[in-house]
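Note: the block below is coords_14.cif and it holds mmCIF, N, CA and C atoms.
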```cif
data_coords
loop_
_atom_site.label_atom_id
_atom_site.label_comp_id
_atom_site.auth_asym_id
_atom_site.auth_seq_id
_atom_site.Cartn_x
_atom_site.Cartn_y
_atom_site.Cartn_z
N MET A 19 214.53 -27.81 78.29
CA MET A 19 215.16 -27.04 77.22
C MET A 19 216.66 -27.07 77.48
N ASN A 20 217.40 -27.49 76.53
CA ASN A 20 218.84 -27.48 76.73
C ASN A 20 219.44 -26.18 76.19
N ALA A 21 220.70 -25.97 76.49
CA ALA A 21 221.36 -24.71 76.12
C ALA A 21 221.38 -24.49 74.61
N GLN A 22 221.40 -25.55 73.82
CA GLN A 22 221.43 -25.40 72.37
C GLN A 22 220.13 -24.81 71.83
N ASN A 23 219.00 -25.04 72.50
CA ASN A 23 217.70 -24.58 72.03
C ASN A 23 217.20 -23.33 72.76
N THR A 24 218.02 -22.76 73.62
CA THR A 24 217.60 -21.59 74.38
C THR A 24 217.57 -20.37 73.46
N PRO A 25 216.44 -19.64 73.44
CA PRO A 25 216.38 -18.41 72.63
C PRO A 25 217.48 -17.44 73.05
N LYS A 26 217.93 -16.62 72.13
CA LYS A 26 219.05 -15.71 72.39
C LYS A 26 218.75 -14.70 73.49
N ASP A 27 217.47 -14.36 73.69
CA ASP A 27 217.13 -13.39 74.73
C ASP A 27 216.80 -14.04 76.07
N LYS A 28 217.03 -15.36 76.19
CA LYS A 28 216.74 -16.09 77.43
C LYS A 28 218.02 -16.70 77.98
N GLN A 29 217.99 -17.03 79.26
CA GLN A 29 219.13 -17.64 79.91
C GLN A 29 218.73 -19.01 80.42
N SER A 30 219.54 -20.02 80.19
CA SER A 30 219.29 -21.37 80.68
C SER A 30 220.03 -21.54 82.00
N VAL A 31 219.29 -21.98 83.06
CA VAL A 31 219.88 -22.13 84.39
C VAL A 31 219.61 -23.55 84.88
N ILE A 32 220.65 -24.20 85.36
CA ILE A 32 220.51 -25.54 85.93
C ILE A 32 220.89 -25.43 87.40
N VAL A 33 219.99 -25.90 88.28
CA VAL A 33 220.20 -25.80 89.71
C VAL A 33 220.10 -27.19 90.33
N ASP A 34 221.06 -27.56 91.14
CA ASP A 34 221.04 -28.84 91.84
C ASP A 34 220.01 -28.77 92.97
N GLN A 35 218.94 -29.55 92.86
CA GLN A 35 217.88 -29.54 93.86
C GLN A 35 217.83 -30.84 94.63
N THR A 36 218.96 -31.54 94.72
CA THR A 36 218.98 -32.84 95.39
C THR A 36 219.24 -32.74 96.88
N ASN A 37 219.60 -31.58 97.39
CA ASN A 37 219.85 -31.40 98.81
C ASN A 37 218.51 -31.28 99.54
N ALA A 38 218.20 -32.26 100.40
CA ALA A 38 216.91 -32.30 101.08
C ALA A 38 216.71 -31.16 102.06
N SER A 39 217.78 -30.51 102.49
CA SER A 39 217.65 -29.40 103.44
C SER A 39 217.45 -28.06 102.75
N THR A 40 217.36 -28.07 101.42
CA THR A 40 217.19 -26.84 100.66
C THR A 40 215.82 -26.82 100.00
N VAL A 41 215.12 -25.71 100.12
CA VAL A 41 213.83 -25.52 99.45
C VAL A 41 214.06 -24.59 98.27
N SER A 42 213.69 -25.04 97.09
CA SER A 42 213.89 -24.23 95.88
C SER A 42 212.58 -23.60 95.46
N ASN A 43 212.63 -22.32 95.14
CA ASN A 43 211.46 -21.59 94.64
C ASN A 43 211.83 -20.92 93.33
N THR A 44 210.93 -21.06 92.35
CA THR A 44 211.14 -20.42 91.06
C THR A 44 209.90 -19.61 90.73
N PRO A 45 209.98 -18.29 90.87
CA PRO A 45 208.81 -17.48 90.52
C PRO A 45 208.61 -17.48 89.00
N PRO A 46 207.37 -17.37 88.56
CA PRO A 46 207.12 -17.33 87.11
C PRO A 46 207.65 -16.04 86.49
N ALA A 47 207.91 -16.11 85.22
CA ALA A 47 208.36 -14.92 84.50
C ALA A 47 207.23 -13.91 84.45
N GLU A 48 207.58 -12.64 84.48
CA GLU A 48 206.57 -11.59 84.39
C GLU A 48 206.00 -11.59 82.97
N PRO A 49 204.68 -11.65 82.84
CA PRO A 49 204.10 -11.69 81.49
C PRO A 49 204.29 -10.37 80.75
N ASN A 50 204.37 -10.47 79.43
CA ASN A 50 204.47 -9.28 78.59
C ASN A 50 203.05 -8.82 78.28
N LEU A 51 202.54 -7.88 79.05
CA LEU A 51 201.16 -7.44 78.91
C LEU A 51 200.90 -6.67 77.63
N GLU A 52 201.96 -6.17 77.01
CA GLU A 52 201.82 -5.44 75.75
C GLU A 52 201.47 -6.38 74.60
N ASP A 53 201.75 -7.66 74.77
CA ASP A 53 201.58 -8.62 73.69
C ASP A 53 200.41 -9.57 73.93
N MET A 54 199.51 -9.22 74.86
CA MET A 54 198.38 -10.10 75.18
C MET A 54 197.12 -9.60 74.50
N GLU A 55 196.40 -10.53 73.90
CA GLU A 55 195.11 -10.20 73.31
C GLU A 55 194.11 -11.27 73.73
N LEU A 56 192.88 -10.86 73.97
CA LEU A 56 191.81 -11.79 74.30
C LEU A 56 190.98 -12.05 73.06
N ASN A 57 190.50 -13.31 72.94
CA ASN A 57 189.61 -13.61 71.81
C ASN A 57 188.19 -13.17 72.17
N GLU A 58 187.27 -13.28 71.23
CA GLU A 58 185.89 -12.80 71.44
C GLU A 58 185.21 -13.49 72.62
N GLU A 59 185.41 -14.80 72.78
CA GLU A 59 184.79 -15.55 73.88
C GLU A 59 185.32 -15.06 75.23
N GLN A 60 186.63 -14.84 75.33
CA GLN A 60 187.22 -14.34 76.57
C GLN A 60 186.72 -12.93 76.88
N LEU A 61 186.63 -12.08 75.88
CA LEU A 61 186.12 -10.73 76.09
C LEU A 61 184.67 -10.77 76.57
N ASP A 62 183.86 -11.66 76.02
CA ASP A 62 182.47 -11.79 76.41
C ASP A 62 182.36 -12.22 77.87
N ILE A 63 183.21 -13.16 78.29
CA ILE A 63 183.17 -13.65 79.67
C ILE A 63 183.54 -12.55 80.64
N ILE A 64 184.63 -11.82 80.40
CA ILE A 64 185.05 -10.80 81.37
C ILE A 64 184.19 -9.56 81.33
N SER A 65 183.44 -9.35 80.25
CA SER A 65 182.58 -8.18 80.18
C SER A 65 181.21 -8.43 80.80
N GLY A 66 181.01 -9.64 81.33
CA GLY A 66 179.75 -9.95 81.99
C GLY A 66 178.80 -10.73 81.12
N GLY A 67 179.19 -11.05 79.92
CA GLY A 67 178.33 -11.82 79.03
C GLY A 67 178.18 -13.27 79.46
N GLY A 68 179.16 -13.77 80.16
CA GLY A 68 179.10 -15.13 80.66
C GLY A 68 179.33 -16.17 79.59
N ASP A 69 179.46 -17.41 80.06
CA ASP A 69 179.68 -18.52 79.14
C ASP A 69 178.64 -19.61 79.34
N GLY A 70 177.58 -19.32 80.08
CA GLY A 70 176.52 -20.29 80.29
C GLY A 70 176.70 -21.15 81.52
N THR A 71 177.83 -21.03 82.23
CA THR A 71 178.05 -21.86 83.40
C THR A 71 177.66 -21.17 84.70
N ASN A 72 177.49 -19.88 84.69
CA ASN A 72 177.13 -19.13 85.87
C ASN A 72 175.68 -18.66 85.75
N PRO A 73 174.77 -19.18 86.59
CA PRO A 73 173.36 -18.79 86.47
C PRO A 73 173.09 -17.32 86.76
N PHE A 74 174.01 -16.62 87.40
CA PHE A 74 173.84 -15.22 87.72
C PHE A 74 174.43 -14.30 86.66
N ALA A 75 175.12 -14.86 85.69
CA ALA A 75 175.73 -14.05 84.65
C ALA A 75 174.68 -13.58 83.66
N LYS A 76 174.91 -12.42 83.07
CA LYS A 76 174.01 -11.91 82.05
C LYS A 76 174.21 -12.73 80.78
N GLY A 77 173.21 -12.83 79.98
CA GLY A 77 173.44 -13.53 78.74
C GLY A 77 172.30 -14.08 78.09
#
```

Can you present the structure in this file as structure tokens?
Amino acid sequence: MNAQNTPKDKQSVIVDQTNASTVSNTPPAEPNLEDMELNEEQLDIISGGGDGTNPFAKG
């Protein structure tokens, strides 16, 4: 993503990672849990309904 396409609420950062003596770590962004929704299949799986791949799951 270049600076021209960066959303206004985000920051574009370029870091030189060519130095072999430097280890770079980039933690993932914290998810916005207020904006997450599960579909019916996902809800069924986490509620114990299973998806047919686990022989011990209810279903």

* To do: State, in Å with one decimal place, the distance from atom CA of A:Lys26 to atom CA of A:Pro46.
  =>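 Between atom CA of A:Lys26 and atom CA of A:Pro46 the gap is 19.0 Å.
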
* Asked: What is the atom CA of A:Gln22 to atom CA of A:Thr40 distance in Å?
  ->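 The value is 28.6 Å.
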
* Asked: Rounded to one decimal in Å, what is the spacing between atom CA of A:Thr24 and atom CA of A:Thr44?
  -> 17.9 Å

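DSSP annotation of stretch 28-71 of chain A from backbone atoms: alpha helix (DSSP H) residues are Glu58, Glu59, Gln60, Leu61, Asp62, Ile63 and Ile64 of chain A.
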
With N, CA and C atoms as the atom set, please write stretch 33-48 of chain A from the structure just given, as a compact mmCIF listing (two decimals), in the first residue's frame.
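And here's out.txt as it stands now:
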```txt
# COMPACT_ATOMS: atom_id res chain seq x y z
N VAL A 33 10.12 0.70 6.63
CA VAL A 33 11.27 0.41 7.48
C VAL A 33 12.31 -0.34 6.66
N ASP A 34 13.55 0.11 6.72
CA ASP A 34 14.65 -0.57 6.04
C ASP A 34 14.99 -1.85 6.80
N GLN A 35 14.76 -3.00 6.17
CA GLN A 35 15.02 -4.28 6.81
C GLN A 35 16.18 -5.01 6.15
N THR A 36 17.09 -4.26 5.53
CA THR A 36 18.20 -4.89 4.81
C THR A 36 19.40 -5.16 5.69
N ASN A 37 19.43 -4.66 6.91
CA ASN A 37 20.54 -4.89 7.82
C ASN A 37 20.41 -6.29 8.42
N ALA A 38 21.37 -7.18 8.09
CA ALA A 38 21.30 -8.57 8.54
C ALA A 38 21.43 -8.72 10.05
N SER A 39 21.96 -7.73 10.74
CA SER A 39 22.12 -7.83 12.19
C SER A 39 20.89 -7.34 12.94
N THR A 40 19.85 -6.96 12.21
CA THR A 40 18.63 -6.45 12.83
C THR A 40 17.48 -7.41 12.60
N VAL A 41 16.74 -7.72 13.65
CA VAL A 41 15.55 -8.56 13.54
C VAL A 41 14.33 -7.65 13.65
N SER A 42 13.47 -7.70 12.65
CA SER A 42 12.28 -6.84 12.65
C SER A 42 11.06 -7.65 13.05
N ASN A 43 10.26 -7.09 13.94
CA ASN A 43 9.00 -7.71 14.37
C ASN A 43 7.88 -6.71 14.17
N THR A 44 6.78 -7.19 13.60
CA THR A 44 5.61 -6.35 13.40
C THR A 44 4.41 -7.07 14.00
N PRO A 45 3.95 -6.63 15.16
CA PRO A 45 2.77 -7.28 15.74
C PRO A 45 1.53 -6.92 14.93
N PRO A 46 0.57 -7.82 14.88
CA PRO A 46 -0.67 -7.52 14.13
C PRO A 46 -1.48 -6.43 14.83
N ALA A 47 -2.29 -5.77 14.05
CA ALA A 47 -3.16 -4.74 14.62
C ALA A 47 -4.19 -5.41 15.52
N GLU A 48 -4.58 -4.70 16.56
CA GLU A 48 -5.60 -5.22 17.47
C GLU A 48 -6.95 -5.23 16.74
```
